[in-house]
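Asks: Got a structure for you, written out below as structure tokens; questions coming shortly.
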Amino acid sequence: MAASHASHVDELLRILVVDDFGPFRKAICSFLLGYEPLTVVGEAADGDEAIELAFRLAPHVIIMDVKMPRKSGVEATQRIKRALPEIHIIGVSTQHDTFLKASMKAAGFSTFVTKDRAHTLPDVIATITGRSITRDYPFEGTA
């Protein structure tokens, strides 16, 4: 039994990043590369693409923009959580209002982070997954 527990602890945490604003999405992906055991397995620009990738990639965590074209993050979360309830979904938005938070909670979001607090995502992921997240310095000593 100890071996299976050790393999779970050593397993990479698969992350899907969903945001319609490409520069923010790319920045989050780059930022998360610096943390162990996080690995970004996919990116999506809208809720429909998020649903497709969630079913195909089975990430542990989805960082989901709340407001997007075609299908919102709230709608995508409802669909994903119905089929894959074990996935943790972190809602992100520039807005921080009570109605939005209530809608997200009802949809099944694990938690919410405003985009100006995106630097806290590794700590948020550690909290919701119960896993230790550490800063990695893969480029140390390079010019």
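Identifiers in this document derive from the order of the structure tokens: chains are assigned A, B, ..., residues are numbered from 1 separately in each chain, and ligands are numbered from 1 in order of occurrence.
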Please report, as a PyMOL selection string, each residue of stretch 30-112 of chain A to which DSSP assigns alpha helix (DSSP H) when run on this structure's backbone.
Replies: chain A and resi 30-32+47-57+73-83+98-107
Asks: What does the file look like for those residues with C-alpha atoms, as a compact mmCIF listing (two decimals), in the first residue's frame?
Replies:
```
# COMPACT_ATOMS: atom_id res chain seq x y z
CA SER A 30 4.34 30.10 -18.23
CA PHE A 31 3.98 31.00 -14.56
CA LEU A 32 2.83 27.50 -13.57
CA GLY A 47 -16.17 27.00 -22.62
CA ASP A 48 -16.88 24.59 -25.48
CA GLU A 49 -13.18 23.92 -25.96
CA ALA A 50 -12.77 23.56 -22.18
CA ILE A 51 -15.42 20.82 -22.09
CA GLU A 52 -13.82 18.96 -24.98
CA LEU A 53 -10.33 19.13 -23.46
CA ALA A 54 -11.53 18.23 -19.96
CA PHE A 55 -13.10 15.02 -21.30
CA ARG A 56 -10.05 14.20 -23.43
CA LEU A 57 -7.25 15.17 -21.02
CA GLY A 73 -17.02 29.32 -17.61
CA VAL A 74 -20.09 28.82 -15.42
CA GLU A 75 -21.87 26.76 -18.12
CA ALA A 76 -18.71 24.78 -18.92
CA THR A 77 -18.14 24.05 -15.23
CA GLN A 78 -21.69 22.70 -14.82
CA ARG A 79 -21.19 20.33 -17.74
CA ILE A 80 -17.71 19.20 -16.67
CA LYS A 81 -18.66 18.66 -13.01
CA ARG A 82 -21.70 16.55 -13.97
CA ALA A 83 -19.48 14.11 -15.87
CA THR A 98 -21.51 38.49 -4.84
CA PHE A 99 -23.84 37.34 -7.65
CA LEU A 100 -20.90 36.04 -9.70
CA LYS A 101 -19.50 34.11 -6.74
CA ALA A 102 -22.91 32.58 -5.99
CA SER A 103 -23.33 31.50 -9.63
CA MET A 104 -19.88 29.93 -9.62
CA LYS A 105 -20.48 28.08 -6.36
CA ALA A 106 -23.79 26.71 -7.69
CA ALA A 107 -22.02 25.56 -10.88
```
Asks: Find the residues around A:Arg25 up to 10 Å (only C-alpha atoms counted), leave out those fewer than 3 positions away in its own chain, and share them as an mmCIF file with C-alpha atoms, in the first residue's frame.
Replies:
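Written output follows (around_15.cif):
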```cif
data_model
loop_
_atom_site.group_PDB
_atom_site.id
_atom_site.type_symbol
_atom_site.label_atom_id
_atom_site.label_comp_id
_atom_site.auth_asym_id
_atom_site.auth_seq_id
_atom_site.Cartn_x
_atom_site.Cartn_y
_atom_site.Cartn_z
ATOM 1 C CA VAL A 17 -5.955 26.656 -18.422
ATOM 2 C CA VAL A 18 -9.088 28.227 -19.941
ATOM 3 C CA ASP A 19 -9.325 31.933 -20.816
ATOM 4 C CA ASP A 20 -10.455 33.787 -23.918
ATOM 5 C CA PHE A 21 -7.700 36.408 -23.493
ATOM 6 C CA GLY A 22 -4.640 34.741 -25.028
ATOM 7 C CA ILE A 28 -0.604 31.641 -16.483
ATOM 8 C CA CYS A 29 0.804 28.655 -18.373
ATOM 9 C CA SER A 30 4.336 30.097 -18.234
ATOM 10 C CA PHE A 31 3.983 31.003 -14.564
ATOM 11 C CA GLU A 43 -5.203 25.429 -23.075
ATOM 12 C CA ALA A 44 -8.671 26.460 -24.194
ATOM 13 C CA ALA A 45 -10.097 29.792 -25.341
ATOM 14 C CA ILE A 63 -8.258 27.243 -14.132
ATOM 15 C CA MET A 64 -11.420 28.606 -15.750
ATOM 16 C CA ASP A 65 -12.227 32.173 -16.805
#
```
Asks: Restricting the calculation to only C-alpha atoms: of A:Thr39, A:Thr94, A:Thr127, A:Thr114, which residue gets closest to A:Leu16?
Replies: A:Thr39
Asks: So that I can check the secondary structure, give me every residue of stretch 64-127 of chain A assigned strand (DSSP E or B) by backbone DSSP, as a ChimeraX atom specification.
Replies: /A:64-65,88-93,111-114
Asks: Residues as selected, N, CA and C atoms, written as a compact mmCIF listing (two decimals), in the first residue's frame, can you do that?
Replies:
```
# COMPACT_ATOMS: atom_id res chain seq x y z
N MET A 64 -10.35 28.27 -14.81
CA MET A 64 -11.42 28.61 -15.75
C MET A 64 -11.85 30.07 -15.64
N ASP A 65 -11.68 30.82 -16.74
CA ASP A 65 -12.23 32.17 -16.80
C ASP A 65 -13.75 32.06 -16.71
N HIS A 88 -11.09 19.56 -9.90
CA HIS A 88 -11.16 20.83 -9.17
C HIS A 88 -11.16 21.95 -10.20
N ILE A 89 -12.10 22.88 -10.08
CA ILE A 89 -12.16 24.00 -11.01
C ILE A 89 -12.04 25.30 -10.22
N ILE A 90 -11.03 26.08 -10.62
CA ILE A 90 -10.79 27.38 -10.01
C ILE A 90 -11.32 28.44 -10.96
N GLY A 91 -12.30 29.21 -10.51
CA GLY A 91 -12.84 30.29 -11.32
C GLY A 91 -11.95 31.51 -11.24
N VAL A 92 -11.69 32.15 -12.38
CA VAL A 92 -10.93 33.40 -12.39
C VAL A 92 -11.72 34.46 -13.14
N SER A 93 -11.63 35.67 -12.64
CA SER A 93 -12.34 36.79 -13.26
C SER A 93 -11.72 38.09 -12.80
N THR A 111 -13.18 27.00 -6.03
CA THR A 111 -12.85 28.28 -5.41
C THR A 111 -12.75 29.34 -6.50
N PHE A 112 -12.48 30.58 -6.08
CA PHE A 112 -12.43 31.71 -6.99
C PHE A 112 -11.21 32.57 -6.69
N VAL A 113 -10.57 33.06 -7.76
CA VAL A 113 -9.41 33.95 -7.63
C VAL A 113 -9.59 35.08 -8.63
N THR A 114 -9.44 36.33 -8.18
CA THR A 114 -9.48 37.43 -9.13
C THR A 114 -8.17 37.42 -9.92
```
Asks: Rounded to one decimal, what separation in Å do you get between atom CA of A:Pro59 and atom CA of A:Val41?
Replies: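 If I compute the distance from atom CA of A:Pro59 to atom CA of A:Val41, I get 7.3 Å.
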Asks: For the contact check between stretch 20-120 of chain A and stretch 128-137 of chain A, emit one row per residue of stretch 20-120 of chain A within 8 Å, containing the shortest atom pair and the distance in Å rounded to one decimal, counting only C-alpha atoms, chain then rising number order, as CSV.
Replies:
```
residue,atom,partner,partner_atom,distance
A:Gly34,CA,A:Asp136,CA,5.1
A:Tyr35,CA,A:Arg135,CA,4.5
A:Glu36,CA,A:Thr134,CA,5.3
A:Pro37,CA,A:Ile133,CA,6.3
A:Leu38,CA,A:Ile133,CA,7.6
A:His88,CA,A:Ile128,CA,7.3
A:Ser110,CA,A:Ile128,CA,7.3
```
Asks: Give the answer as one residue: which of A:Val40, A:Ala27, A:Leu33, A:Ile87 has the shortest atom-to-atom distance to A:Ile15, using only C-alpha atoms?
Replies: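 Looking only at the distances to A:Ile15, the closest residue turns out to be A:Val40.
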Asks: Work out how far apart atom CA of A:Gly42 and atom CA of A:Val61 are and give it in Å to one decimal.
Replies: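 Atom-to-atom, atom CA of A:Gly42 to atom CA of A:Val61, that is 11.0 Å.
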Asks: Give me, please, the distance in Å between atom CA of A:Pro69 and atom CA of A:His119, quoted to one decimal.
Replies: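 A separation of 24.8 Å between them.
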